[in-house]
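Coordinates from work35.tsv are shown below (TSV, C-alpha atoms).
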```tsv
chain	number	residue	atom	x	y	z
Y	4	MET	CA	162.75	111.81	112.52
Y	5	GLU	CA	160.79	114.66	111.00
Y	6	ALA	CA	159.94	112.52	107.98
Y	7	LYS	CA	158.69	109.70	110.25
Y	8	LYS	CA	156.46	112.12	112.12
Y	9	VAL	CA	154.97	113.40	108.87
Y	10	THR	CA	154.33	109.83	107.74
Y	11	GLU	CA	152.54	108.96	110.99
Y	12	GLU	CA	150.39	112.06	110.72
Y	13	GLU	CA	149.53	111.21	107.13
Y	14	GLU	CA	148.60	107.66	108.13
Y	15	GLU	CA	146.46	108.90	110.99
Y	16	SER	CA	144.75	111.38	108.68
Y	17	TRP	CA	144.24	108.63	106.11
Y	18	ARG	CA	142.77	106.29	108.71
Y	19	ARG	CA	140.34	108.90	109.89
Y	20	GLU	CA	139.29	109.72	106.36
Y	21	ILE	CA	138.79	106.07	105.44
Y	22	VAL	CA	137.04	105.19	108.69
Y	23	THR	CA	134.75	108.16	108.25
Y	24	SER	CA	133.91	107.20	104.67
Y	25	VAL	CA	133.39	103.53	105.51
Y	26	MET	CA	131.22	104.25	108.52
Y	27	ARG	CA	129.13	106.64	106.52
Y	28	LEU	CA	128.34	103.81	104.10
Y	29	VAL	CA	127.96	101.03	106.65
Y	30	SER	CA	125.95	102.92	109.24
Y	31	THR	CA	122.99	103.43	106.92
Y	32	ARG	CA	122.54	99.65	106.80
Y	33	LEU	CA	122.86	98.89	110.50
Y	34	PRO	CA	119.99	98.23	112.93
Y	35	GLN	CA	119.42	101.12	115.27
Y	36	THR	CA	120.62	99.17	118.32
Y	37	ASP	CA	123.96	98.48	116.62
Y	38	LEU	CA	124.25	102.08	115.54
Y	39	ILE	CA	123.79	103.30	119.10
Y	40	SER	CA	126.38	100.80	120.33
Y	41	LEU	CA	128.90	102.21	117.88
Y	42	LEU	CA	128.58	105.61	119.53
Y	43	LEU	CA	130.36	104.15	122.55
Y	44	VAL	CA	133.39	102.82	120.65
Y	45	SER	CA	135.40	106.04	120.59
Y	46	PRO	CA	134.97	109.83	120.70
Y	47	CYS	CA	136.12	110.03	117.09
Y	48	LEU	CA	133.53	107.53	115.91
Y	49	TYR	CA	130.89	109.26	118.01
Y	50	ARG	CA	131.60	112.59	116.32
Y	51	THR	CA	131.63	110.92	112.90
Y	52	LEU	CA	128.24	109.24	113.34
Y	53	ILE	CA	126.58	112.23	114.97
Y	54	SER	CA	127.64	114.40	112.03
Y	55	TYR	CA	125.43	112.42	109.61
Y	56	PRO	CA	121.80	113.52	110.12
Y	57	SER	CA	120.62	111.03	107.49
Y	58	ILE	CA	121.29	108.03	109.76
Y	59	TRP	CA	119.20	109.41	112.62
Y	60	LEU	CA	115.90	109.64	110.79
Y	61	ASN	CA	114.41	106.48	112.35
Y	62	ILE	CA	113.46	105.57	115.90
Y	63	ASP	CA	112.77	101.84	116.07
Y	64	LEU	CA	111.41	100.64	119.42
Y	65	HIS	CA	109.29	97.75	118.16
Y	66	GLU	CA	108.67	95.01	120.73
Y	67	MET	CA	110.84	96.83	123.30
Y	68	THR	CA	109.95	97.23	126.96
Y	69	ASN	CA	109.56	100.68	128.55
Y	70	ALA	CA	109.11	102.01	125.03
Y	71	GLY	CA	107.29	105.14	126.16
Y	72	ASP	CA	110.21	106.27	128.32
Y	73	ARG	CA	112.69	105.29	125.61
Y	74	LEU	CA	110.78	107.39	123.08
Y	75	LEU	CA	110.88	110.45	125.32
Y	76	ALA	CA	114.60	109.97	125.94
Y	77	ALA	CA	115.36	109.62	122.23
Y	78	LEU	CA	113.35	112.66	121.21
Y	79	SER	CA	115.17	114.77	123.79
Y	80	LEU	CA	118.45	114.23	121.89
Y	81	PRO	CA	119.42	116.76	119.21
Y	82	ARG	CA	120.34	114.04	116.70
Y	83	TYR	CA	116.67	113.02	116.38
Y	84	ARG	CA	115.38	116.50	115.58
Y	85	GLN	CA	114.63	115.51	111.98
Y	86	VAL	CA	113.19	112.04	112.65
Y	87	LYS	CA	110.91	110.79	109.88
Y	88	HIS	CA	109.95	107.28	111.03
Y	89	ILE	CA	108.88	106.03	114.47
Y	90	ASN	CA	108.13	102.34	114.96
Y	91	LEU	CA	106.41	101.31	118.20
Y	92	GLU	CA	104.89	98.10	116.84
Y	93	PHE	CA	104.00	95.79	119.75
Y	94	ALA	CA	106.14	97.91	122.05
Y	95	GLN	CA	105.39	97.59	125.75
Y	96	GLY	CA	104.93	100.42	128.19
Y	97	VAL	CA	103.43	102.99	125.82
Y	98	VAL	CA	100.36	104.80	127.13
Y	99	ASP	CA	98.52	108.05	126.44
Y	100	SER	CA	100.53	109.93	129.05
Y	101	HIS	CA	103.76	109.27	127.15
Y	102	LEU	CA	102.32	110.75	123.97
Y	103	LYS	CA	101.06	113.76	125.90
Y	104	LEU	CA	104.55	114.29	127.31
Y	105	VAL	CA	106.00	114.08	123.80
Y	106	LYS	CA	103.62	116.86	122.81
Y	107	ALA	CA	104.53	118.97	125.84
Y	108	GLU	CA	108.30	118.45	125.81
Y	109	CYS	CA	109.36	117.47	122.29
Y	110	ARG	CA	106.85	119.04	119.94
Y	111	ASP	CA	109.50	120.43	117.57
Y	112	ALA	CA	111.12	117.00	117.13
Y	113	LEU	CA	108.20	115.60	115.14
Y	114	LEU	CA	107.70	118.38	112.65
Y	115	SER	CA	109.29	116.21	109.93
Y	116	LEU	CA	107.71	112.89	110.97
Y	117	GLU	CA	106.23	111.01	108.00
Y	118	CYS	CA	105.56	107.50	109.33
Y	119	LEU	CA	104.13	106.47	112.71
Y	120	ASN	CA	103.55	102.79	113.55
Y	121	LEU	CA	101.46	102.17	116.68
Y	122	ASN	CA	100.47	98.59	115.79
Y	123	GLY	CA	99.53	96.55	118.83
Y	124	CYS	CA	99.89	99.48	121.25
Y	125	GLN	CA	96.59	98.61	122.88
Y	126	LYS	CA	96.78	101.07	125.75
Y	127	ILE	CA	96.69	104.06	123.43
Y	128	SER	CA	93.27	105.66	123.09
Y	129	ASP	CA	91.71	108.56	121.24
Y	130	ASN	CA	93.41	110.94	123.69
Y	131	GLY	CA	96.84	109.62	122.79
Y	132	ILE	CA	96.09	109.92	119.09
Y	133	GLU	CA	94.99	113.52	119.59
Y	134	ALA	CA	98.22	114.36	121.39
Y	135	ILE	CA	100.69	112.77	119.02
Y	136	THR	CA	99.03	113.73	115.74
Y	137	SER	CA	98.73	117.38	116.79
Y	138	ILE	CA	102.51	117.77	116.39
Y	139	CYS	CA	102.98	115.70	113.19
Y	140	PRO	CA	101.81	118.00	110.37
Y	141	LYS	CA	103.75	116.07	107.67
Y	142	LEU	CA	102.58	112.59	108.61
Y	143	LYS	CA	101.91	110.39	105.57
Y	144	VAL	CA	101.74	106.86	106.97
Y	145	PHE	CA	99.72	105.99	110.06
Y	146	SER	CA	99.20	102.45	111.36
Y	147	ILE	CA	97.35	101.43	114.50
Y	148	TYR	CA	96.53	97.77	113.94
Y	149	TRP	CA	94.71	95.76	116.64
Y	150	ASN	CA	93.48	98.56	118.87
Y	151	VAL	CA	89.93	98.32	120.16
Y	152	ARG	CA	90.18	101.55	122.21
Y	153	VAL	CA	90.29	103.76	119.16
Y	154	THR	CA	86.92	105.15	118.11
Y	155	ASP	CA	85.62	107.56	115.49
Y	156	ALA	CA	86.81	110.39	117.76
Y	157	GLY	CA	90.41	109.26	117.26
Y	158	ILE	CA	90.01	109.31	113.49
Y	159	ARG	CA	88.49	112.78	113.78
Y	160	HIS	CA	91.66	113.96	115.55
Y	161	LEU	CA	93.81	112.29	112.90
Y	162	VAL	CA	92.13	113.90	109.90
Y	163	LYS	CA	92.09	117.29	111.62
Y	164	ASN	CA	95.78	117.27	112.48
Y	165	CYS	CA	97.37	115.29	109.65
Y	166	ARG	CA	96.22	116.37	106.20
Y	167	HIS	CA	98.65	114.39	104.07
Y	168	ILE	CA	97.98	110.74	104.93
Y	169	ILE	CA	98.39	108.37	101.96
Y	170	ASP	CA	98.75	105.06	103.82
Y	171	LEU	CA	96.28	104.20	106.60
Y	172	ASN	CA	96.11	100.91	108.52
Y	173	LEU	CA	93.13	100.57	110.84
Y	174	SER	CA	93.09	96.77	110.86
Y	175	GLY	CA	91.40	95.32	113.92
Y	176	CYS	CA	90.07	98.66	115.18
Y	177	LYS	CA	86.66	97.13	115.77
Y	178	SER	CA	85.05	100.21	117.32
Y	179	LEU	CA	85.24	102.27	114.12
Y	180	THR	CA	82.01	102.93	112.23
Y	181	ASP	CA	80.90	104.47	108.95
Y	182	LYS	CA	81.62	107.88	110.48
Y	183	SER	CA	85.34	107.13	110.35
Y	184	MET	CA	85.04	106.18	106.68
Y	185	GLN	CA	83.25	109.44	106.00
Y	186	LEU	CA	86.05	111.38	107.69
Y	187	VAL	CA	88.70	109.45	105.74
Y	188	ALA	CA	86.89	109.91	102.44
Y	189	GLU	CA	86.43	113.64	102.91
Y	190	SER	CA	89.97	114.30	104.13
Y	191	TYR	CA	92.22	111.89	102.24
Y	192	GLN	CA	91.24	111.87	98.60
Y	193	ASP	CA	94.86	111.11	97.64
Y	194	LEU	CA	94.89	108.00	99.84
Y	195	GLU	CA	96.86	105.14	98.25
Y	196	SER	CA	96.51	102.36	100.82
Y	197	LEU	CA	93.70	101.50	103.23
Y	198	ASN	CA	93.39	98.49	105.55
Y	199	ILE	CA	90.12	98.06	107.46
Y	200	THR	CA	90.47	94.34	108.21
Y	201	ARG	CA	87.96	93.21	110.87
Y	202	CYS	CA	86.44	96.68	111.28
Y	203	VAL	CA	83.10	94.92	111.54
Y	204	LYS	CA	80.94	97.97	112.27
Y	205	ILE	CA	81.64	99.47	108.86
Y	206	THR	CA	78.80	98.90	106.37
Y	207	ASP	CA	78.31	99.29	102.64
Y	208	ASP	CA	77.53	102.97	103.13
Y	209	GLY	CA	80.83	103.68	104.84
Y	210	LEU	CA	82.89	101.76	102.28
Y	211	LEU	CA	81.04	103.45	99.42
Y	212	GLN	CA	82.11	106.89	100.63
Y	213	VAL	CA	85.76	105.81	100.43
Y	214	LEU	CA	85.36	104.17	97.02
Y	215	GLN	CA	83.65	107.21	95.54
Y	216	LYS	CA	86.13	109.79	96.83
Y	217	CYS	CA	89.49	108.01	97.22
Y	218	SER	CA	90.05	107.13	93.57
Y	219	SER	CA	93.85	106.95	93.96
Y	220	LEU	CA	93.74	103.80	96.10
Y	221	GLN	CA	96.24	101.15	95.02
Y	222	THR	CA	95.88	98.83	98.02
Y	223	LEU	CA	92.58	97.92	99.68
Y	224	ASN	CA	92.36	95.31	102.43
Y	225	LEU	CA	88.84	94.19	103.33
Y	226	TYR	CA	89.82	90.92	104.99
Y	227	ALA	CA	87.22	89.23	107.24
Y	228	LEU	CA	84.41	91.67	106.51
Y	229	SER	CA	81.50	89.47	105.59
Y	230	GLY	CA	78.82	92.17	105.91
Y	231	PHE	CA	79.53	94.01	102.66
Y	232	THR	CA	77.37	93.30	99.60
Y	233	ASP	CA	77.55	93.83	95.86
Y	234	LYS	CA	76.19	97.32	96.46
Y	235	ALA	CA	79.67	98.29	97.64
Y	236	TYR	CA	81.74	95.68	95.79
Y	237	LYS	CA	80.57	96.96	92.39
Y	238	LYS	CA	81.96	100.41	93.16
Y	239	ILE	CA	85.46	99.01	93.62
Y	240	SER	CA	85.53	99.37	89.84
Y	241	LEU	CA	86.05	103.11	90.40
Y	242	LEU	CA	89.61	102.41	91.59
Y	243	ALA	CA	91.45	102.46	88.28
Y	244	ASP	CA	94.91	102.19	89.87
Y	245	LEU	CA	94.10	99.34	92.27
Y	246	ARG	CA	96.91	96.76	92.49
Y	247	PHE	CA	96.12	94.82	95.66
Y	248	LEU	CA	92.68	93.71	96.85
Y	249	ASP	CA	91.95	91.35	99.75
Y	250	LEU	CA	88.36	90.14	99.88
Y	251	CYS	CA	88.92	87.04	102.01
Y	252	GLY	CA	85.62	85.99	103.57
Y	253	ALA	CA	83.45	88.16	101.32
Y	254	GLN	CA	80.48	85.80	101.57
Y	255	ASN	CA	78.09	88.12	99.75
Y	256	LEU	CA	80.32	88.75	96.72
Y	257	SER	CA	78.68	87.40	93.58
Y	258	ASP	CA	79.97	86.79	90.07
Y	259	GLU	CA	78.23	90.01	89.05
Y	260	GLY	CA	80.09	91.98	91.72
Y	261	LEU	CA	83.37	90.32	90.73
Y	262	GLY	CA	82.66	91.26	87.13
Y	263	HIS	CA	82.66	94.93	88.14
Y	264	ILE	CA	85.90	94.46	90.10
Y	265	ALA	CA	87.44	93.03	86.92
Y	266	LYS	CA	87.42	96.56	85.53
Y	267	CYS	CA	90.40	97.20	87.83
Y	268	ASN	CA	92.67	95.78	85.14
Y	269	LYS	CA	95.90	96.75	86.93
Y	270	LEU	CA	95.29	94.24	89.72
Y	271	GLU	CA	98.36	92.23	90.69
Y	272	SER	CA	97.10	90.53	93.85
Y	273	LEU	CA	93.55	89.32	94.48
Y	274	ASN	CA	92.49	87.28	97.50
Y	275	LEU	CA	89.11	85.58	97.03
Y	276	THR	CA	89.56	83.03	99.82
Y	277	TRP	CA	86.18	81.80	101.10
Y	278	CYS	CA	84.23	83.96	98.64
Y	279	VAL	CA	81.78	81.08	98.48
Y	280	ARG	CA	79.32	82.49	95.93
Y	281	ILE	CA	81.93	82.83	93.21
Y	282	THR	CA	81.90	80.43	90.25
Y	283	ASP	CA	83.91	79.95	87.07
Y	284	ALA	CA	82.04	82.85	85.45
Y	285	GLY	CA	83.41	85.42	87.87
Y	286	VAL	CA	86.97	84.08	87.84
Y	287	ILE	CA	87.03	83.89	84.04
Y	288	THR	CA	85.97	87.53	83.86
Y	289	ILE	CA	88.86	88.39	86.15
Y	290	ALA	CA	91.25	86.27	84.10
Y	291	ASN	CA	90.28	87.98	80.86
Y	292	SER	CA	90.50	91.51	82.25
Y	293	CYS	CA	93.26	91.42	84.90
Y	294	THR	CA	96.11	90.01	82.86
Y	295	SER	CA	98.80	91.36	85.19
Y	296	LEU	CA	97.79	89.11	88.09
Y	297	GLU	CA	100.68	87.71	90.10
Y	298	PHE	CA	98.76	86.33	93.07
Y	299	LEU	CA	95.27	84.80	93.09
Y	300	SER	CA	93.65	82.83	95.91
Y	301	LEU	CA	90.50	80.82	95.26
Y	302	PHE	CA	90.93	78.86	98.48
Y	303	GLY	CA	87.75	77.15	99.67
Y	304	ILE	CA	85.58	78.06	96.67
Y	305	VAL	CA	83.73	74.90	95.64
Y	306	GLY	CA	81.98	76.56	92.69
Y	307	VAL	CA	85.08	76.84	90.51
Y	308	THR	CA	86.33	74.16	88.14
Y	309	ASP	CA	89.08	73.45	85.62
Y	310	ARG	CA	87.45	75.93	83.22
Y	311	CYS	CA	88.72	78.93	85.16
Y	312	VAL	CA	92.19	77.39	85.61
Y	313	GLU	CA	92.48	76.82	81.87
Y	314	THR	CA	91.45	80.43	81.18
Y	315	LEU	CA	94.00	81.69	83.70
Y	316	SER	CA	96.67	79.64	81.96
Y	317	GLN	CA	95.82	81.35	78.68
Y	318	THR	CA	95.62	84.93	79.93
Y	319	CYS	CA	97.88	85.15	82.99
Y	320	SER	CA	100.50	82.44	82.48
Y	321	THR	CA	103.32	84.95	81.97
Y	322	THR	CA	102.58	86.85	85.19
Y	323	LEU	CA	100.82	84.53	87.64
Y	324	THR	CA	103.26	83.21	90.22
Y	325	THR	CA	100.95	82.11	93.04
Y	326	LEU	CA	97.60	80.38	92.58
Y	327	ASP	CA	95.84	78.86	95.60
Y	328	VAL	CA	93.10	76.35	94.79
Y	329	ASN	CA	93.21	74.36	98.01
Y	330	GLY	CA	89.69	73.23	98.87
Y	331	CYS	CA	88.45	73.77	95.31
Y	332	ILE	CA	86.97	70.30	94.83
Y	333	GLY	CA	86.00	71.00	91.25
Y	334	ILE	CA	89.63	71.36	90.14
Y	335	LYS	CA	91.39	68.10	89.36
Y	336	ARG	CA	94.90	67.20	90.39
Y	337	ARG	CA	97.43	67.38	87.57
Y	338	SER	CA	100.97	66.21	87.09
Y	339	ARG	CA	103.85	68.60	87.46
Y	340	GLU	CA	104.58	68.40	83.74
Y	341	GLU	CA	101.00	69.27	82.80
Y	342	LEU	CA	100.96	72.26	85.10
Y	343	LEU	CA	104.31	73.57	83.97
Y	344	GLN	CA	102.91	73.63	80.46
Y	345	MET	CA	99.95	75.69	81.68
Y	346	PHE	CA	101.97	77.94	84.02
Y	347	PRO	CA	105.58	78.10	82.82
Y	348	HIS	CA	106.62	80.68	85.43
Y	349	PRO	CA	106.07	79.10	88.86
Y	350	VAL	CA	106.82	81.25	91.89
Y	351	MET	CA	110.40	81.45	93.15
Y	352	ALA	CA	111.66	81.98	96.69
Y	353	GLY	CA	111.18	85.73	96.51
Y	354	ALA	CA	107.44	85.28	96.49
Y	355	VAL	CA	107.47	84.39	100.17
Y	356	ALA	CA	108.87	87.82	100.95
Y	357	ARG	CA	106.35	89.45	98.63
Y	358	PHE	CA	103.53	87.46	100.23
Y	359	ALA	CA	104.73	88.48	103.68
Y	360	LYS	CA	104.75	92.11	102.60
Y	361	TRP	CA	101.23	91.90	101.22
Y	362	PHE	CA	99.58	89.95	104.01
Y	363	GLY	CA	101.78	90.26	107.10
Y	364	ALA	CA	103.50	86.87	106.91
Y	365	ILE	CA	101.04	84.43	108.38
Y	366	ASP	CA	101.41	80.66	107.81
Y	367	VAL	CA	104.19	80.11	105.29
Y	368	TRP	CA	104.16	76.71	103.58
Y	369	ASN	CA	107.35	75.93	101.71
Y	370	ARG	CA	107.37	73.73	98.58
Y	371	THR	CA	103.76	72.75	98.90
Y	372	LEU	CA	102.01	71.27	95.89
Y	373	LEU	CA	100.03	74.16	94.50
Y	374	ILE	CA	97.74	72.30	92.11
Y	375	GLY	CA	100.80	70.19	91.42
Y	376	ILE	CA	103.48	72.88	91.10
Y	377	PRO	CA	106.06	72.89	93.92
Y	378	VAL	CA	106.24	76.53	94.93
Y	379	ALA	CA	106.96	78.74	97.90
Y	380	PHE	CA	103.48	79.44	99.17
Y	381	GLY	CA	101.60	81.16	101.99
Y	382	LEU	CA	98.18	80.68	103.54
Y	383	ILE	CA	96.33	83.40	105.41
Y	384	HIS	CA	95.00	82.71	108.87
Y	385	HIS	CA	95.38	86.23	110.34
Y	386	LEU	CA	96.51	85.13	113.77
Y	387	GLU	CA	95.45	88.42	115.35
Y	388	LYS	CA	98.41	89.24	117.59
Y	389	GLU	CA	100.94	87.18	115.65
Y	390	ASN	CA	100.04	88.76	112.30
Y	391	ALA	CA	102.36	91.76	112.44
Y	392	ARG	CA	104.95	89.96	114.56
Y	393	LEU	CA	105.83	87.37	111.91
Y	394	LYS	CA	107.06	89.76	109.24
Y	395	MET	CA	110.73	89.16	110.03
Y	396	LEU	CA	111.63	85.63	111.11
Y	397	ASN	CA	115.03	84.20	111.90
Y	398	GLN	CA	115.63	80.46	111.82
Y	399	ALA	CA	115.24	80.03	115.58
Y	400	GLN	CA	111.86	81.77	115.49
Y	401	ILE	CA	110.76	79.64	112.55
Y	402	ASP	CA	111.75	76.44	114.40
Y	403	ASP	CA	109.78	77.59	117.43
Y	404	LEU	CA	106.69	78.34	115.36
Y	405	VAL	CA	106.96	74.98	113.61
Y	406	ALA	CA	107.05	73.29	117.01
Y	407	LYS	CA	103.92	75.18	118.06
Y	408	GLY	CA	102.12	74.22	114.85
Y	409	VAL	CA	101.80	77.81	113.62
Y	410	ILE	CA	103.95	77.04	110.58
Y	411	ARG	CA	104.22	73.71	108.84
Y	412	PHE	CA	106.40	72.61	105.95
Y	413	ILE	CA	104.97	70.28	103.34
Y	414	GLU	CA	107.08	68.24	100.99
Y	415	GLU	CA	106.22	67.65	97.36
Y	416	SER	CA	105.17	64.10	97.99
Y	417	GLU	CA	102.32	65.02	100.36
```
Please express what this file holds, its structure, as structure tokens.
Amino acid sequence: MEAKKVTEEEEESWRREIVTSVMRLVSTRLPQTDLISLLLVSPCLYRTLISYPSIWLNIDLHEMTNAGDRLLAALSLPRYRQVKHINLEFAQGVVDSHLKLVKAECRDALLSLECLNLNGCQKISDNGIEAITSICPKLKVFSIYWNVRVTDAGIRHLVKNCRHIIDLNLSGCKSLTDKSMQLVAESYQDLESLNITRCVKITDDGLLQVLQKCSSLQTLNLYALSGFTDKAYKKISLLADLRFLDLCGAQNLSDEGLGHIAKCNKLESLNLTWCVRITDAGVITIANSCTSLEFLSLFGIVGVTDRCVETLSQTCSTTLTTLDVNGCIGIKRRSREELLQMFPHPVMAGAVARFAKWFGAIDVWNRTLLIGIPVAFGLIHHLEKENARLKMLNQAQIDDLVAKGVIRFIEESE
């Protein structure tokens, strides 16, 4: 009897040890909603999960309703005292008053916060930014895409309160002016990523301040900013570590300006969609200098011909995985065999994920003929609100978007 009791105790101890070890591994890979559900399974499991601070570093409330109240409730719990990432992307029910309450009631909870995503939270204004950033001294990543309430005053609060920003997304913040770029340039000289898509009030002078002082930039998104000229574009050459550059719609970019950009010889992704003044000369300069290119879009440029494609095949054939020449009437259609000889490394399925990461997953065309090569391929349309929402798609969502015409699939024969 005694032996049986010992055996049962050993088994129970073993189970607890194994369960604890397994849950420690599994819990780091679970969505936050599932993790919270597990807390309700048993007191033992609750104690086990609560004892691992590393799995409570994220608060993910993206697309949730009553997100402001949920945020306050979460931050009031001891397990979130070391939170590093807060995601409120397209969350509903988040207003300035919630962020002010966070400051008043939970200020110590955000001392370790490094990443704050407020994308699509359109009811947040400069006042909300002032409140939340004042208690986030370690913030490194700040994103507030598609917010027209934010002005230069909000950026002034940001740079005053958060001195360590390296990744800044201001896409769609159309009220920002050159003053914001001055503040960013003076405060964030170690900045690595900047997105000012559709910030239409920013001029050459504002962009120049960033280019001259933020020499560590690796990612620069200037999508849909047709007002810039070669005066600013030429200074992009100062960014020696630049890997990603989106110039879609840069109507004033000339071959001369592109020639200066070619000095950024570490470029891996370059979007020249609708850069209508570009010709073979500019693309050939890029091809000869930027031999690590993986993605290049020449979509809609009628001034390019087979000359630039042939040069790309000579200089970038071992790296280039995505080449968009749709609308380039000067480039002839080739057979699959011809193109595979020119580009022996066509893009594989993983490129869709990479494209989504770079651009926000807009229209994804699968197995389209990219100058004859069947590849996984994406086309930018920047569907304002849908842009950030399409990053993670399940099959049901994809089917729905296909039905609505947002996504279409093209077979090789088309």
Margin query: Show me the residues around (93.3, 105.6, 97.9) - criterion: an atom at most 9 Å away, all atoms listed in the file counted - as a PyMOL selection string.
Written below: chain Y and resi 169-170+188+191-197+213-214+216-223+242+244-245
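Nearest to Glu271 in chain Y of all the residues Y:Glu297, Y:Asp111, Y:Glu117, Y:Asp309 is Y:Glu297, counting all atoms listed in the file.
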Checklist line | Exercise: Asp99 in chain Y partners within 8 Å, only C-alpha atoms, chain neighbours under 5 positions left out, as a list in words | finding: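 Near neighbours after the sequence-gap exclusion: Lys126, Ile127, Ser128, Asn130, Gly131 and Ile132 of chain Y.
Here the question is which of Y:Leu179, Y:Ile304, Y:Ile289, Y:Ala94 gets nearest to Val151 in chain Y using only C-alpha atoms, and that residue is Y:Leu179.
Ranking Y:Tyr83, Y:Trp277, Y:Phe93, Y:Phe145 by their shortest atom-to-atom distance to Ser300 in chain Y, with all atoms listed in the file included, puts Y:Trp277 first.
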Item checked: Residue nearest Asn122 in chain Y - candidates Y:Cys165, Y:Ala134, Y:Leu171, Y:Val86, atoms counted: all atoms listed in the file ->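 Using all atoms listed in the file, the shortest distance to Asn122 in chain Y belongs to Y:Leu171.
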Check: Using all atoms listed in the file, which residue out of Y:Asp283, Y:Ala290, Y:Asp72, Y:Phe298 lies closest to Phe247 in chain Y?
Finding: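 Answer, going by the shortest atom-to-atom distance: Y:Phe298.
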Checklist line | Residues near Gly252 in chain Y, cut-off 9 Å, only C-alpha atoms, skip fewer than 2 positions along chain, as a count of residues only | finding: 13
Box centre and edge lengths (Å, one decimal), axis-aligned, range 168-177 of chain Y plus 8 Å each side, as lines of an AutoDock Vina configuration file:
```
center_x = 92.7
center_y = 103.0
center_z = 108.9
size_x = 28.1
size_y = 31.4
size_z = 29.8
```
Notebook entry, point to check: So how many Å separate CA of Cys331 in chain Y and CA of Leu299 in chain Y, to one decimal?
Noted result: 13.2 Å
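Using only C-alpha atoms, the smallest distance between any of Y:Leu186, Y:Leu119, Y:Leu48, Y:Ala107 and Gly157 in chain Y comes from Y:Leu186.
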Polymer residues at most 7 Å from (104.9, 95.9, 116.5) by only C-alpha atoms, as a tab-separated table (two decimals) with C-alpha atoms, in the coordinates of the input:
```tsv
chain	number	residue	atom	x	y	z
Y	65	HIS	CA	109.29	97.75	118.16
Y	66	GLU	CA	108.67	95.01	120.73
Y	91	LEU	CA	106.41	101.31	118.20
Y	92	GLU	CA	104.89	98.10	116.84
Y	93	PHE	CA	104.00	95.79	119.75
Y	94	ALA	CA	106.14	97.91	122.05
Y	122	ASN	CA	100.47	98.59	115.79
Y	123	GLY	CA	99.53	96.55	118.83
Y	391	ALA	CA	102.36	91.76	112.44
Y	392	ARG	CA	104.95	89.96	114.56
```
Next item on the list: Would you kindly return, as a VMD selection string, each protein, DNA or RNA residue with an atom no farther than 10 Å from any atom of Gly285 in chain Y, considering all atoms listed in the file and excluding same-chain residues fewer than 6 positions away?
Entry: chain Y and resid 256 to 265 307 311
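For the pair CA of Thr321 in chain Y and CA of Cys293 in chain Y, the interatomic distance is 12.3 Å.
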Notebook entry, point to check: Quick one, how far is CA of Ile138 in chain Y from CA of Ser57 in chain Y?
Noted result: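 Between CA of Ile138 in chain Y and CA of Ser57 in chain Y the gap is 21.3 Å.
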